[in-house]
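The file data.cif contains mmCIF, C-alpha atoms and all ligand atoms:
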data_start
#
loop_
_atom_site.label_atom_id
_atom_site.label_comp_id
_atom_site.auth_asym_id
_atom_site.auth_seq_id
_atom_site.Cartn_x
_atom_site.Cartn_y
_atom_site.Cartn_z
CA PRO A 1 -41.65 -19.79 29.94
CA GLU A 2 -42.74 -22.06 32.76
CA LYS A 3 -39.26 -22.21 34.20
CA TYR A 4 -39.56 -18.64 35.40
CA PRO A 5 -40.42 -18.71 39.06
CA ARG A 6 -42.07 -15.32 39.07
CA PHE A 7 -42.38 -12.04 37.30
CA PRO A 8 -41.26 -9.24 39.52
CA VAL A 9 -43.89 -6.65 40.30
CA ILE A 10 -41.99 -3.42 40.20
CA ARG A 11 -42.56 -0.45 42.39
CA LYS A 12 -44.04 1.97 39.94
CA THR A 13 -43.72 5.26 41.70
CA ASP A 14 -44.13 7.52 38.73
CA ARG A 15 -46.85 6.94 36.16
CA ARG A 16 -46.72 10.31 34.48
CA TRP A 17 -45.38 8.85 31.24
CA PRO A 18 -47.59 5.82 30.50
CA ASN A 19 -46.54 5.79 26.85
CA ALA A 20 -42.92 5.41 27.83
CA GLU A 21 -43.38 1.75 28.74
CA ILE A 22 -43.14 -1.37 26.64
CA ARG A 23 -46.05 -3.65 27.61
CA THR A 24 -45.33 -6.85 25.69
CA ALA A 25 -42.22 -8.53 24.40
CA PRO A 26 -41.41 -7.87 20.74
CA LEU A 27 -40.86 -10.69 18.27
CA TRP A 28 -37.21 -11.64 18.66
CA CYS A 29 -34.87 -12.82 15.95
CA SER A 30 -31.41 -14.01 16.93
CA VAL A 31 -28.67 -13.20 14.44
CA ASP A 32 -25.92 -14.86 16.49
CA LEU A 33 -25.22 -17.44 13.81
CA ARG A 34 -24.97 -14.82 11.05
CA ASP A 35 -24.03 -11.27 12.19
CA GLY A 36 -22.46 -12.60 15.38
CA ASN A 37 -20.54 -15.28 13.54
CA GLN A 38 -19.32 -13.04 10.72
CA ALA A 39 -17.66 -10.73 13.27
CA LEU A 40 -15.59 -13.40 15.03
CA ILE A 41 -11.82 -13.68 14.68
CA GLU A 42 -12.41 -17.39 14.19
CA PRO A 43 -15.90 -18.10 12.88
CA MET A 44 -17.76 -20.88 14.67
CA ASN A 45 -16.96 -24.45 13.66
CA VAL A 46 -19.66 -27.06 13.18
CA SER A 47 -19.93 -28.09 16.82
CA GLN A 48 -19.92 -24.46 18.01
CA LYS A 49 -22.74 -23.63 15.59
CA GLN A 50 -24.69 -26.63 16.81
CA ALA A 51 -24.16 -25.63 20.44
CA MET A 52 -25.31 -22.07 19.70
CA TRP A 53 -28.34 -23.38 17.83
CA HIS A 54 -29.37 -25.62 20.75
CA LEU A 55 -28.96 -22.77 23.21
CA LEU A 56 -31.10 -20.42 21.09
CA VAL A 57 -33.84 -23.03 20.67
CA ASN A 58 -33.78 -23.88 24.38
CA MET A 59 -34.07 -20.22 25.29
CA GLY A 60 -37.25 -20.04 23.24
CA PHE A 61 -36.22 -18.15 20.11
CA LYS A 62 -38.80 -18.70 17.37
CA GLU A 63 -36.85 -16.96 14.58
CA ILE A 64 -33.15 -17.58 14.09
CA GLU A 65 -30.99 -16.22 11.27
CA VAL A 66 -28.66 -19.13 10.67
CA GLY A 67 -26.21 -17.75 8.13
CA PHE A 68 -25.44 -16.39 4.70
CA PRO A 69 -25.35 -19.70 2.82
CA ALA A 70 -24.67 -18.23 -0.62
CA ALA A 71 -21.54 -16.51 0.68
CA SER A 72 -20.06 -19.26 2.83
CA GLN A 73 -19.86 -23.02 2.37
CA PRO A 74 -19.85 -23.69 6.16
CA ASP A 75 -23.07 -21.66 6.41
CA PHE A 76 -24.53 -23.61 3.47
CA ASP A 77 -23.58 -26.91 5.12
CA PHE A 78 -25.06 -25.83 8.44
CA VAL A 79 -28.41 -24.99 6.82
CA ARG A 80 -28.37 -28.39 5.09
CA TRP A 81 -27.60 -30.09 8.44
CA LEU A 82 -30.56 -28.37 10.09
CA ILE A 83 -32.94 -29.42 7.33
CA GLU A 84 -31.64 -32.91 6.52
CA GLU A 85 -31.20 -33.92 10.15
CA ASN A 86 -34.62 -32.53 11.00
CA ARG A 87 -33.24 -30.26 13.73
CA ILE A 88 -35.75 -27.41 13.39
CA PRO A 89 -38.63 -27.64 15.90
CA ASP A 90 -42.11 -27.08 14.42
CA ASP A 91 -42.48 -23.69 16.03
CA VAL A 92 -39.06 -22.35 14.99
CA THR A 93 -38.39 -20.60 11.67
CA ILE A 94 -34.93 -20.29 10.19
CA GLN A 95 -33.88 -17.19 8.31
CA VAL A 96 -30.98 -16.69 5.91
CA LEU A 97 -29.35 -13.54 4.55
CA VAL A 98 -28.57 -12.82 0.92
CA GLN A 99 -27.48 -9.81 -1.11
CA ALA A 100 -29.81 -8.64 -3.86
CA ARG A 101 -27.92 -10.53 -6.58
CA ASN A 102 -29.50 -13.16 -8.82
CA ASP A 103 -26.79 -15.84 -8.55
CA LEU A 104 -26.66 -15.54 -4.76
CA ILE A 105 -30.44 -15.70 -4.47
CA GLU A 106 -30.56 -18.92 -6.51
CA ARG A 107 -27.86 -20.51 -4.35
CA THR A 108 -29.74 -19.45 -1.21
CA TYR A 109 -32.81 -21.39 -2.25
CA GLU A 110 -30.64 -24.46 -2.94
CA ALA A 111 -29.48 -24.26 0.68
CA LEU A 112 -33.09 -24.05 1.88
CA ASP A 113 -34.46 -26.87 -0.29
CA GLY A 114 -36.75 -29.04 1.81
CA ALA A 115 -37.30 -26.56 4.65
CA ARG A 116 -40.83 -26.57 6.03
CA ARG A 117 -40.74 -22.81 6.55
CA ALA A 118 -38.08 -20.12 6.09
CA VAL A 119 -37.45 -16.39 5.90
CA VAL A 120 -35.41 -15.22 2.91
CA HIS A 121 -33.75 -11.95 3.95
CA VAL A 122 -32.52 -9.87 1.03
CA TYR A 123 -30.67 -6.58 1.39
CA ASN A 124 -28.87 -3.78 -0.38
CA SER A 125 -27.26 -0.59 0.88
CA THR A 126 -29.10 2.70 0.58
CA SER A 127 -27.09 5.45 2.36
CA PRO A 128 -25.52 8.37 0.47
CA VAL A 129 -21.95 7.21 1.10
CA GLN A 130 -22.71 3.69 -0.15
CA ARG A 131 -24.58 5.03 -3.18
CA LYS A 132 -21.80 7.38 -4.16
CA LYS A 133 -18.57 5.65 -3.17
CA VAL A 134 -19.36 1.94 -3.12
CA PHE A 135 -21.93 1.51 -5.89
CA ASN A 136 -21.54 4.70 -7.90
CA LEU A 137 -25.29 4.78 -8.40
CA ASP A 138 -27.98 7.40 -8.05
CA LYS A 139 -31.15 6.86 -6.03
CA ALA A 140 -32.99 5.32 -8.99
CA GLY A 141 -30.18 2.78 -9.39
CA ILE A 142 -30.48 1.75 -5.74
CA VAL A 143 -34.28 1.40 -5.99
CA ASP A 144 -33.71 -0.75 -9.03
CA ILE A 145 -31.37 -3.15 -7.17
CA ALA A 146 -33.96 -3.52 -4.40
CA ARG A 147 -36.84 -4.04 -6.84
CA GLN A 148 -34.96 -6.60 -8.92
CA GLY A 149 -33.70 -8.43 -5.83
CA ALA A 150 -37.24 -8.62 -4.46
CA ALA A 151 -38.55 -9.88 -7.80
CA LYS A 152 -35.87 -12.57 -7.99
CA VAL A 153 -36.58 -13.72 -4.43
CA GLN A 154 -40.25 -14.04 -5.28
CA GLN A 155 -39.64 -15.74 -8.62
CA VAL A 156 -37.25 -18.44 -7.31
CA ALA A 157 -39.53 -19.14 -4.34
CA ARG A 158 -42.13 -20.37 -6.83
CA ASP A 159 -39.71 -23.19 -7.77
CA TYR A 160 -39.94 -24.47 -4.18
CA PRO A 161 -43.71 -24.60 -3.52
CA ALA A 162 -43.47 -27.07 -0.63
CA THR A 163 -41.91 -24.44 1.65
CA ASP A 164 -43.86 -21.75 3.46
CA TRP A 165 -41.79 -18.67 2.53
CA THR A 166 -41.64 -15.31 4.25
CA PHE A 167 -39.76 -12.48 2.54
CA GLN A 168 -37.68 -9.93 4.39
CA TYR A 169 -35.98 -6.84 2.99
CA SER A 170 -33.35 -4.62 4.67
CA PRO A 171 -32.27 -1.22 3.39
CA GLU A 172 -28.79 -1.68 4.85
CA SER A 173 -27.52 1.49 6.58
CA PHE A 174 -31.15 2.64 7.00
CA SER A 175 -30.33 5.00 9.88
CA SER A 176 -27.80 6.86 7.72
CA THR A 177 -30.21 7.04 4.78
CA GLU A 178 -32.62 9.93 4.15
CA VAL A 179 -35.77 8.50 5.72
CA GLU A 180 -37.96 9.59 2.76
CA PHE A 181 -35.68 7.65 0.44
CA ALA A 182 -35.72 4.57 2.72
CA VAL A 183 -39.51 4.63 2.53
CA GLU A 184 -39.35 4.99 -1.26
CA VAL A 185 -37.09 1.92 -1.57
CA CYS A 186 -39.25 -0.12 0.79
CA ASN A 187 -42.42 0.90 -1.03
CA ALA A 188 -40.84 -0.36 -4.26
CA VAL A 189 -40.22 -3.73 -2.56
CA ILE A 190 -43.79 -3.79 -1.24
CA GLU A 191 -45.08 -3.19 -4.75
CA VAL A 192 -43.23 -6.30 -5.93
CA TRP A 193 -44.12 -8.58 -3.03
CA GLN A 194 -47.75 -7.45 -2.63
CA PRO A 195 -48.11 -8.47 1.01
CA THR A 196 -51.46 -8.81 2.78
CA PRO A 197 -52.36 -8.66 6.48
CA GLU A 198 -52.63 -12.47 6.34
CA LYS A 199 -49.28 -12.93 4.60
CA LYS A 200 -47.02 -10.18 5.88
CA ILE A 201 -43.52 -9.33 4.79
CA ILE A 202 -40.75 -8.12 7.09
CA LEU A 203 -39.05 -4.78 6.54
CA ASN A 204 -35.92 -4.72 8.68
CA LEU A 205 -34.44 -1.30 9.42
CA PRO A 206 -30.80 -1.45 10.49
CA ALA A 207 -28.66 1.03 12.34
CA THR A 208 -25.80 -0.68 10.54
CA VAL A 209 -23.46 1.81 12.19
CA GLU A 210 -25.03 3.55 15.17
CA SER A 211 -24.40 7.23 14.55
CA ALA A 212 -27.04 9.18 16.46
CA MET A 213 -28.80 9.24 19.79
CA PRO A 214 -31.54 6.60 20.34
CA ASN A 215 -34.31 9.22 20.16
CA VAL A 216 -33.17 10.15 16.64
CA PHE A 217 -33.35 6.52 15.57
CA ALA A 218 -36.78 6.23 17.17
CA ASP A 219 -37.95 9.32 15.26
CA GLN A 220 -36.77 7.69 12.03
CA ILE A 221 -38.71 4.52 12.88
CA GLU A 222 -41.84 6.48 13.74
CA TRP A 223 -41.66 8.46 10.51
CA PHE A 224 -41.10 5.25 8.57
CA CYS A 225 -44.08 3.52 10.21
CA ASP A 226 -46.29 6.53 9.46
CA HIS A 227 -45.32 6.76 5.79
CA VAL A 228 -44.65 3.26 4.50
CA ASN A 229 -47.37 1.77 2.32
CA GLN A 230 -49.57 -1.07 3.58
CA ARG A 231 -48.36 -0.80 7.19
CA ASP A 232 -50.89 -3.46 8.20
CA SER A 233 -49.21 -5.96 5.88
CA VAL A 234 -45.70 -5.29 7.11
CA LEU A 235 -43.79 -6.35 10.22
CA VAL A 236 -41.38 -3.55 11.02
CA SER A 237 -38.19 -5.06 12.36
CA ILE A 238 -35.17 -3.22 13.65
CA HIS A 239 -31.54 -4.23 13.79
CA THR A 240 -29.31 -1.96 15.86
CA HIS A 241 -25.57 -1.99 16.35
CA ASN A 242 -23.78 -0.64 19.39
CA ASP A 243 -21.21 1.84 18.05
CA ARG A 244 -22.27 4.57 20.50
CA GLY A 245 -23.11 2.08 23.25
CA CYS A 246 -26.85 2.66 22.91
CA ALA A 247 -28.04 -0.28 20.80
CA VAL A 248 -30.41 -1.61 23.47
CA ALA A 249 -31.78 1.86 24.21
CA ALA A 250 -32.30 2.46 20.50
CA ALA A 251 -34.12 -0.87 20.16
CA GLU A 252 -36.37 -0.12 23.14
CA MET A 253 -37.21 3.32 21.84
CA ALA A 254 -37.83 1.91 18.39
CA ILE A 255 -40.44 -0.42 19.87
CA LEU A 256 -42.13 2.56 21.53
CA ALA A 257 -41.99 4.29 18.14
CA GLY A 258 -43.95 1.47 16.47
CA ALA A 259 -41.57 -1.36 15.53
CA ASP A 260 -42.74 -4.96 16.00
CA ARG A 261 -39.61 -7.06 15.94
CA ILE A 262 -36.00 -6.95 17.10
CA GLU A 263 -32.92 -8.58 15.63
CA GLY A 264 -29.92 -8.95 17.94
CA THR A 265 -27.51 -11.33 19.59
CA LEU A 266 -26.84 -12.92 22.96
CA LEU A 267 -24.72 -10.65 25.15
CA GLY A 268 -24.17 -8.35 22.17
CA ASN A 269 -21.65 -10.14 19.98
CA GLY A 270 -21.52 -8.78 16.41
CA GLU A 271 -19.70 -6.46 14.03
CA ARG A 272 -17.36 -3.88 15.69
CA THR A 273 -18.97 -2.98 19.05
CA GLY A 274 -21.59 -5.63 18.48
CA ASN A 275 -25.29 -6.02 17.77
CA MET A 276 -27.91 -5.04 20.30
CA ASP A 277 -27.89 -7.44 23.24
CA ILE A 278 -31.17 -9.34 23.33
CA VAL A 279 -30.41 -10.72 26.80
CA THR A 280 -30.15 -7.22 28.25
CA MET A 281 -33.35 -6.04 26.62
CA ALA A 282 -35.19 -9.21 27.66
CA MET A 283 -34.01 -8.77 31.25
CA ASN A 284 -35.01 -5.09 31.16
CA LEU A 285 -38.52 -6.27 30.29
CA TYR A 286 -38.44 -9.04 32.87
CA SER A 287 -37.43 -6.62 35.61
CA GLN A 288 -40.50 -4.54 34.74
CA GLY A 289 -42.79 -7.52 35.18
CA ILE A 290 -43.15 -8.27 31.47
CA ASP A 291 -42.77 -11.81 30.20
CA PRO A 292 -39.81 -11.54 27.79
CA GLN A 293 -40.86 -14.76 26.02
CA LEU A 294 -37.29 -15.96 26.38
CA ASP A 295 -35.91 -18.16 29.13
CA ILE A 296 -32.95 -16.54 30.83
CA SER A 297 -33.22 -18.58 34.00
CA MET A 298 -30.03 -20.49 33.17
CA ALA A 299 -27.73 -17.46 32.94
CA ASP A 300 -24.54 -19.42 33.57
CA ASP A 301 -25.32 -21.82 30.70
CA ILE A 302 -25.95 -18.85 28.41
CA ILE A 303 -22.62 -17.30 29.34
CA SER A 304 -20.61 -20.51 29.09
CA THR A 305 -22.11 -21.50 25.72
CA VAL A 306 -21.68 -18.03 24.22
CA GLU A 307 -18.09 -17.88 25.48
CA ALA A 308 -17.34 -21.35 24.11
CA CYS A 309 -18.84 -20.45 20.71
CA THR A 310 -17.39 -16.97 20.31
CA ASN A 311 -14.17 -17.16 22.33
CA ILE A 312 -15.18 -13.81 23.83
CA LYS A 313 -15.36 -13.43 27.60
CA THR A 314 -18.37 -11.83 29.24
CA HIS A 315 -17.53 -8.72 31.21
CA PRO A 316 -18.07 -9.34 34.96
CA ARG A 317 -20.20 -6.20 35.05
CA HIS A 318 -22.24 -7.06 31.96
CA PRO A 319 -25.84 -5.87 32.57
CA TRP A 320 -27.92 -8.47 34.42
CA LEU A 321 -25.72 -11.52 33.80
CA GLY A 322 -22.18 -10.44 34.72
CA GLU A 323 -20.48 -12.37 37.49
CA LEU A 324 -20.30 -9.32 39.80
CA VAL A 325 -23.79 -7.98 39.20
CA TYR A 326 -25.42 -9.56 42.27
CA THR A 327 -22.51 -8.91 44.58
CA ALA A 328 -22.01 -6.07 47.00
CA PHE A 329 -18.64 -5.23 48.53
CA SER A 330 -19.47 -1.91 50.10
CA GLY A 331 -20.54 -2.06 53.72
CA SER A 332 -23.57 0.20 53.42
CA HIS A 333 -24.93 -1.76 50.43
CA GLN A 334 -24.37 -5.05 52.24
CA ASP A 335 -26.12 -3.79 55.31
CA ALA A 336 -29.14 -2.64 53.31
CA ILE A 337 -29.33 -5.90 51.35
CA ARG A 338 -29.09 -7.94 54.52
CA LYS A 339 -31.91 -6.01 56.18
CA CYS A 340 -34.13 -6.21 53.11
CA LEU A 341 -33.50 -9.95 52.67
CA ALA A 342 -34.43 -10.54 56.30
CA ALA A 343 -37.70 -8.63 55.81
CA GLN A 344 -38.62 -10.21 52.45
CA THR A 345 -41.44 -12.75 52.59
CA GLU A 346 -42.11 -15.49 50.06
CA ASN A 347 -45.29 -14.13 48.50
CA GLU A 348 -44.42 -10.45 48.35
CA PRO A 349 -43.06 -8.76 45.25
CA TRP A 350 -39.28 -8.71 45.25
CA ASP A 351 -38.28 -5.50 47.02
CA ILE A 352 -34.62 -5.47 47.92
CA ALA A 353 -32.41 -2.39 47.85
CA TYR A 354 -29.58 -2.62 45.30
CA LEU A 355 -30.92 -5.86 43.82
CA PRO A 356 -33.40 -5.04 41.06
CA ILE A 357 -34.34 -8.70 40.60
CA ASN A 358 -34.08 -11.86 42.63
CA PRO A 359 -30.77 -13.41 41.48
CA GLU A 360 -32.41 -16.84 41.83
CA ASP A 361 -34.55 -15.95 38.80
CA ILE A 362 -31.49 -16.29 36.60
CA GLY A 363 -30.06 -19.24 38.48
CA ARG A 364 -27.76 -17.35 40.82
CA SER A 365 -27.74 -17.82 44.57
CA TYR A 366 -27.79 -15.59 47.62
CA GLN A 367 -24.36 -16.84 48.70
CA SER A 368 -22.67 -14.94 45.96
CA VAL A 369 -24.62 -11.78 46.66
CA ILE A 370 -22.54 -10.62 49.57
CA ARG A 371 -18.77 -10.64 49.42
CA VAL A 372 -16.25 -9.19 51.82
CA ASN A 373 -13.15 -7.09 51.25
CA SER A 374 -11.67 -3.96 52.80
CA GLN A 375 -14.62 -1.88 51.53
CA SER A 376 -17.12 -3.92 53.54
CA GLY A 377 -18.45 -3.01 56.94
CA LYS A 378 -19.73 -5.31 59.66
CA GLY A 379 -22.87 -6.44 57.79
CA GLY A 380 -21.25 -8.58 55.09
CA ALA A 381 -19.00 -10.63 57.37
CA SER A 382 -21.84 -11.26 59.82
CA TYR A 383 -24.18 -12.31 57.02
CA LEU A 384 -21.69 -14.84 55.63
CA LEU A 385 -20.97 -16.17 59.10
CA GLU A 386 -24.65 -16.51 59.95
CA GLN A 387 -25.26 -18.39 56.71
CA ALA A 388 -22.28 -20.69 57.25
CA MET A 389 -22.90 -21.47 60.93
CA GLY A 390 -26.66 -21.17 61.09
CA ILE A 391 -26.56 -18.69 63.93
CA THR A 392 -27.78 -15.15 64.59
CA LEU A 393 -25.15 -12.78 65.91
CA PRO A 394 -26.03 -10.16 68.48
CA ARG A 395 -25.15 -6.64 67.47
CA TRP A 396 -22.17 -6.33 69.86
CA VAL A 397 -20.61 -9.47 68.33
CA GLN A 398 -21.07 -8.05 64.83
CA ILE A 399 -19.30 -4.86 65.87
CA GLU A 400 -16.41 -6.69 67.52
CA LEU A 401 -16.00 -9.10 64.64
CA ALA A 402 -15.78 -6.23 62.18
CA GLN A 403 -12.41 -5.11 63.53
CA PRO A 404 -10.33 -8.26 62.83
CA VAL A 405 -12.21 -8.78 59.55
CA GLN A 406 -11.33 -5.26 58.42
CA ALA A 407 -7.73 -5.65 59.53
CA LEU A 408 -7.26 -8.92 57.65
CA ALA A 409 -8.93 -7.55 54.50
CA GLU A 410 -6.66 -4.50 54.55
CA ARG A 411 -3.53 -6.58 55.24
CA SER A 412 -4.26 -9.10 52.51
CA ALA A 413 -5.65 -6.45 50.09
CA SER A 414 -7.94 -9.13 48.71
CA GLU A 415 -11.38 -10.62 49.10
CA LEU A 416 -12.01 -12.73 52.25
CA GLN A 417 -13.70 -16.12 51.97
CA THR A 418 -16.30 -17.45 54.40
CA ASP A 419 -13.65 -19.80 55.88
CA ASP A 420 -11.43 -16.80 56.73
CA ILE A 421 -14.32 -15.16 58.56
CA VAL A 422 -15.24 -18.32 60.46
CA ARG A 423 -11.60 -18.67 61.52
CA LEU A 424 -11.48 -15.06 62.73
CA PHE A 425 -14.76 -15.52 64.57
CA ARG A 426 -13.47 -18.64 66.35
CA HIS A 427 -10.20 -16.96 67.17
CA THR A 428 -11.88 -13.83 68.56
CA PHE A 429 -14.74 -15.36 70.50
CA MET A 430 -14.03 -19.02 71.13
CA THR A 431 -10.42 -19.14 72.26
CA SER A 432 -9.67 -18.43 75.90
O1 LIG A 501 -26.15 -4.35 10.14
C1 LIG A 501 -26.73 -4.56 9.08
O2 LIG A 501 -27.11 -3.65 8.33
C2 LIG A 501 -26.97 -5.94 8.68
C3 LIG A 501 -27.88 -6.15 7.54
C4 LIG A 501 -27.33 -7.07 6.55
C5 LIG A 501 -29.23 -6.51 8.04
O3 LIG A 501 -26.47 -6.85 9.32
ZN ZN A 502 -25.87 -6.09 11.36
#
Rewrite the structure of this file - the entire thing - as C-alpha cells.
Amino acid sequence: PEKYPRFPVIRKTDRRWPNAEIRTAPLWCSVDLRDGNQALIEPMNVSQKQAMWHLLVNMGFKEIEVGFPAASQPDFDFVRWLIEENRIPDDVTIQVLVQARNDLIERTYEALDGARRAVVHVYNSTSPVQRKKVFNLDKAGIVDIARQGAAKVQQVARDYPATDWTFQYSPESFSSTEVEFAVEVCNAVIEVWQPTPEKKIILNLPATVESAMPNVFADQIEWFCDHVNQRDSVLVSIHTHNDRGCAVAAAEMAILAGADRIEGTLLGNGERTGNMDIVTMAMNLYSQGIDPQLDISMADDIISTVEACTNIKTHPRHPWLGELVYTAFSGSHQDAIRKCLAAQTENEPWDIAYLPINPEDIGRSYQSVIRVNSQSGKGGASYLLEQAMGITLPRWVQIELAQPVQALAERSASELQTDDIVRLFRHTFMTS
C-alpha cells in the first residue's frame, strides 16, 4: 500500500538456504468476524462488527469471512447489512461458513442473496476421533457427507445466477487426519465441483487443534499438494490455530511447502489460544523487505479497534505491535540504539541494532523508543534530555548526569519521565 514509507532492505548475511524464504505475500483471508467472533465471551454486537469490517477493509483485506449466517441470526443480519447497504467494495469478496447440511446450505444462500461475489465455505470433520466418537461413521460415511455437501452447495448456487460464486471446502481437523484420507475426501469434492484453472476452488486445510511441530504440518501440506487431483485448479489455503504457540510458524512453513492462501485473525484472536496472527506474519514479511499487501502503518488504530471489538487486551510484548516492543530500558541497548540512530541517514536501509524495523513504519515514534529506569545507563537519560532540550551533551556531562538519574530511578523503583531528567539536569548543572 502507498502509505508504507519504505520496505526495509534487510541485511542478508546468510544465503545458504534460498528456498527457506517467502518471496511474495500469500492471499490473506481474515476470519475475525467468524472464528474470532465465535470464540469471544461476548460476541461482537452490530457496531463492533461494523468497526471490525471497516478496519479489515482499510487494511486492504480482499477476502473476509463474515460469519456463519445459517447458525446465527446476528451473523445473518450482518451479511444482509453488508449487501443491502452496499458496504462491500468492488475488490473485496465476502465469505461465509456453513456445515455440510442441506438445510443450513439453503439458509446460507438466502443470507447471500444479491451479493455481487461470494465464497461459500462448506466443511465437515474428518479426523479419526471425530469419525468414531462424534459422528459414528466410517471413512466412506465421511466422504459421503463431503460429497453431498459439495453437491448441495453447487446445486443451490444455480438458483442465484446473478452472483459470482466461489466454492471452498475444509476437511475440519485436517492436521489430525491421515493425510491420504484428507486427499481422498478432497478429491471427492473436486470430482463434484469440477474446477478449472480459470475457475478455481479453494481447499482449506485447518490445523483445527495444533498438535504437532510446524515442520510436520508443512510436510502434510506438501504431501497434500503433491497428491491432490487437479492442483492447477485448486487454491490451497491453510488455517492454523495456536495451541502449541506455533500457528504463525506453521503458516509460514506451509507457504514454503506449497500453500497459496492463509486464513487468520488480527493479533491472533480465535478459538482457545487463537487463530494464527495475520499481523505478525505480515510484519515478518515486511521486515524482510516483502510487501505484505496489508497496511499495518496505523498499528495503534489496529490495536484499539481490535480491543474495542473483542474486549481482549493486546499484550505489551505482542510481536511487532506491542506497546513495549520499540522500547529499550537496558543501558547497553539504549547506548547502541542511540549510536545507530545518530549514524542512520535518510536514504540508507534501516540498520539499527535492537530495532528490526523503523517504528515510524507502523506509526510509532522515536520518543517512545528509549525509556529510563534503574536498568538504564547514561545513554538513555542523555538521549531523552538531548531530544527535549535540543542540545548535545559532552561525554563528561553524560557520565555525571547518570549518577543522580540512577539514584532517583532506584529510589523510586519506577520509570523516569523526561521532565524528571530535565529537573535533575538543571539541579546538577545549573544551580550554583
Ligand atoms: O479451525 C477450523 O477447523 C475451522 C474450520 C471450520 C475451517 O475454523
Ligand atoms: Zn478455526
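For ligand LIG 501 (chain A), the protein and nucleic acid residues at most 8 Å away, judged by all atoms listed in the file, amount to Asp35, Leu97, Tyr123, Asn124, Ser170, Pro171, Glu172, Ser173, Phe174, Asn204, Leu205, Pro206, Ala207, Thr208, Val209, His239, Thr240, His241, Glu271 and Asn275 of chain A.
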Legend entry - CA of Glu65 (chain A) to CA of Leu27 (chain A), distance in Å rounded to a single decimal: 13.3 Å
Legend entry - All residues 10 Å or closer to region 413-424 of chain A, all atoms listed in the file, same chain fewer than 5 positions away omitted, as a PyMOL selection string: chain A and resi 329+367+371-376+381-389+401-402+404-408+429-430
Legend entry - Residues within 9 Å of Thr196 (chain A), all atoms listed in the file, excluding chain neighbours under 6 positions, as a list in words: Gln230, Asp232, Ser233 and Val234 of chain A
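Here the question is which of A:Asn242, A:Thr431, A:Ser72, A:Gln168 gets nearest to Lys200 (chain A) using all atoms listed in the file, and that residue is A:Gln168.
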Inset, instruction - Figure out the distance between CA of Leu267 (chain A) and CA of Glu323 (chain A), please, to one decimal in Å. - result: 13.2 Å
Inset, instruction - Would you mind reading off the distance between CA of Gln403 (chain A) and CA of Gly331 (chain A), one decimal, in Å? - result: 13.1 Å
Inset, instruction - Using all atoms listed in the file, determine which residues lie at most 12 Å from Gln220 (chain A), disregarding the query and same-chain residues fewer than 3 positions distant; provide the list as a PyMOL selection string. - result: chain A and resi 174-183+205-207+212-217+223-228+238+250+253-255+257-259
